[in-house]
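Below: one structure, written as structure tokens.
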There are 2 protein chains.
Amino acid sequence: MEFSQQLGLYTQRVNDCLDLALPSQHTRPERLHDAMRYAALNGGKRVRPLLVYATGECLQIEPAKLDPIAVAIELIHAFSLVHDDLPAMDNDDLRRGMPTVHRQFDEATAILAADALQPLAFQAVAVSSALSDREKVGIIGKISQACGSLGMTGGQSIDLASEGKSLTGDELKTLHSLKTGALLVVCVTAVCDLSRDLNDDEITALNSFASSIGLAFQIRDDILDVEGETHVIGKPAGADERLNKATWPSIFGMDASLKQCAELLNDGVAELGRFGERADGLRWLARYIVERAK
Amino acid sequence: MEFSQQLGLYTQRVNDCLDLALPSQHTRPERLHDAMRYAALNGGKRVRPLLVYATGECLQIEPAKLDPIAVAIELIHAFSLVHDDLPAMDNDDLRRGMPTVHRQFDEATAILAADALQPLAFQAVAVSSALSDREKVGIIGKISQACGSLGMTGGQSIDLASEGKSLTGDELKTLHSLKTGALLVVCVTAVCDLSRDLNDDEITALNSFASSIGLAFQIRDDILDVEGETHVIGKPAGADERLNKATWPSIFGMDASLKQCAELLNDGVAELGRFGERADGLRWLARYIVERAK
């Protein structure tokens, strides 16, 4: 089956797993659980879980071992969006076309819901019956590194500190590689750990693929923010410009940004040659990420 | 050596381990790392780490295996204090006699610093060279459960929802058992997992000890909040009353609260009988928690 056909199945799969991992909204404290479920189950493209499953296809890892990784990374992503949207951060009212968590609930609930999504991510891995203890420790080590101060949260911190300042291209690249790249890369590298017969060259190739596609993802996001309309990207268009944030198009121009995105896609896909047809899912997903309209 | 003499050594030990676990304030993003270190290294009684080490003495676990547990739980505790102090939550300006993190830095930095302390906790366990993979997974599972929506963060959520409402004693007990109790209990139970020759009765006894002392700790906190002066407890006295929060003395009266605290101490210590002198540290710490003046 083509990966594009698998897409719906994998999306459903991770949604079901997230639903199971999240406490019911009828469990006390109900409002907190309601907010956690609102944050994690309310749409979203599930790009990170899809990257996990596509890497799993490439390395022939059984999907049951991929589920906790996909769930954990998506919970971390969901937590970060809730906090990024807070008044003290980006102060966004809309996310995926719906009120942000602090608008739908309240600020304290939003802070706490995200705080509780994070340990749930590590718990999803810790309690999995499909992974060995060695595998769990490796995955938790990688994800905790990727989402901490030297990864995603560090990137958000640099992003906030950069508002209103002019950045060089290299600085923006560093920012993107932390804020968005680290978690996208770990979708691939965490799965690599589950394969017993990958050699160093293959690991390097998959790492490079993930870095290229991670950067392309963020450039595409920047492009869509400049180009997009509210109803298409689900948040007010030009939000970055409003906050006076540096974007790829604002530094390099729109034409160069589109070109760089295409080059990163080519570079990334070129790394997959050695994996043959097994990497078709990753190829499809890479194109989907770079060419998506929202 | 008496545990009271060991106290300073254990406190220094966990402070050194925390210092090592936290990225330097000279590592990028510097302001974020500065705030993380401010939150985690700025005083504090280290009650939770001391409970970890005292349980380790009782069960004759080597201290090197206790360090990552002590560090992880203290980082989780530090993260929770930073978010609890935020304007959208308890809106506190002082913590341990110093400006709270959002007052010393800014609100966004406080949110992110705490967000990054949390994964650092799980990482400290994941990368430890003293623990086996099986032990790490058990510890991470327990701590992630204790700090999530069914533990500490859930307790804070119920606490906020209870402001201005009258609670029954049972409701306040549930709140305390989640908000403070869950993390104190895991200081003991996470160490139990490291012992190979504990029987079920012994595990139950240590669990009961931890629950009693955990509740006594919070009742003592409530008493100190009512009685205390700003310079002694390091936060404005009567803060709970100001927020119209239910406290143990407000429901049961001061005399009954003092009596209940003493009873919980007795009940807790009674559970330790079977462990003989090895539990002297836990006995000392229990008294310290219940009789402390700040």
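Simple scheme: letters A, B, ... for chains in structure tokens order, numbers from 1 for residues in each chain, numbers from 1 for ligands in the order shown.
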What residues in chain A have any atom no more than 8 Å from chain B when counting only C-alpha atoms, and can you write them as a ChimeraX atom specification? /A:28-29,32-33,83,88-89,107-109,111-113,115-120,122-123,126-127,133-134,136-138,140-141,144-145,147-150,153-154,156-158
Find the residues near A:Ile219: any atom within 9 Å, counting only C-alpha atoms, skip ones fewer than 6 places away on the same chain, and give them as a PyMOL selection string. chain A and resi 176+247-249+257-258+260-261+290
Selection export as a compact mmCIF listing (two decimals), in the first residue's frame, atoms kept: N, CA and C atoms:
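Result saved to again-v9.txt:
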# COMPACT_ATOMS: atom_id res chain seq x y z
N HIS A 176 15.57 27.62 14.48
CA HIS A 176 14.65 26.62 13.92
C HIS A 176 15.10 25.20 14.25
N THR A 247 11.61 35.77 10.07
CA THR A 247 11.19 34.55 9.37
C THR A 247 12.16 34.33 8.22
N TRP A 248 12.12 33.14 7.67
CA TRP A 248 12.99 32.83 6.54
C TRP A 248 12.76 33.82 5.38
N PRO A 249 11.49 34.05 4.96
CA PRO A 249 11.28 35.01 3.87
C PRO A 249 11.73 36.43 4.23
N SER A 257 13.51 31.52 -0.37
CA SER A 257 12.95 30.60 0.63
C SER A 257 12.32 29.38 -0.04
N LEU A 258 11.55 29.65 -1.11
CA LEU A 258 10.92 28.54 -1.84
C LEU A 258 11.98 27.63 -2.44
N GLN A 260 15.11 27.23 -1.39
CA GLN A 260 15.83 26.51 -0.35
C GLN A 260 15.01 25.32 0.17
N CYS A 261 13.72 25.54 0.27
CA CYS A 261 12.83 24.46 0.69
C CYS A 261 12.94 23.28 -0.28
N VAL A 290 6.97 19.56 2.71
CA VAL A 290 7.51 20.72 2.00
C VAL A 290 6.48 21.37 1.08
Show me a table, sorted first by chain and then by increasing residue number, of the residues of stretch 207-288 of chain B having an atom at most 7 Å from stretch 181-203 of chain B, each with its shortest atom pair and the distance in Å to one decimal, counting only C-alpha atoms and written as JSON lines.
{"residue": "B:Asn207", "atom": "CA", "partner": "B:Ile203", "partner_atom": "CA", "distance": 6.1}
{"residue": "B:Ala210", "atom": "CA", "partner": "B:Val185", "partner_atom": "CA", "distance": 5.0}
{"residue": "B:Ser211", "atom": "CA", "partner": "B:Val185", "partner_atom": "CA", "distance": 6.0}
{"residue": "B:Gly214", "atom": "CA", "partner": "B:Gly181", "partner_atom": "CA", "distance": 4.8}
{"residue": "B:Leu215", "atom": "CA", "partner": "B:Gly181", "partner_atom": "CA", "distance": 6.2}
By how many Å are atom CA of B:Gly281 and atom CA of B:Ala216 apart? 17.2 Å
DSSP helix (DSSP H, G or I) residues within stretch 20-237 of chain A, listed as an NGL selection string: :A and (20-21 or 30-41 or 47-59 or 63-84 or 101-104 or 107-126 or 133-147 or 152-162 or 169-192 or 200-227 or 230-233)
Using only C-alpha atoms, which protein or nucleic acid residues come within 9 Å of A:Thr168? Drop anything in the same chain fewer than 4 positions from it, and give the result as an mmCIF file with N, CA and C atoms, in the first residue's frame.
data_model
loop_
_atom_site.group_PDB
_atom_site.id
_atom_site.type_symbol
_atom_site.label_atom_id
_atom_site.label_comp_id
_atom_site.auth_asym_id
_atom_site.auth_seq_id
_atom_site.Cartn_x
_atom_site.Cartn_y
_atom_site.Cartn_z
ATOM 1 N N LEU A 172 18.904 32.335 12.638
ATOM 2 C CA LEU A 172 17.544 31.825 12.449
ATOM 3 C C LEU A 172 17.572 30.308 12.238
ATOM 4 N N LYS A 173 18.591 29.834 11.546
ATOM 5 C CA LYS A 173 18.710 28.394 11.313
ATOM 6 C C LYS A 173 18.901 27.637 12.642
ATOM 7 N N ILE A 251 14.256 37.319 5.923
ATOM 8 C CA ILE A 251 15.717 37.423 5.830
ATOM 9 C C ILE A 251 16.213 37.143 4.418
#
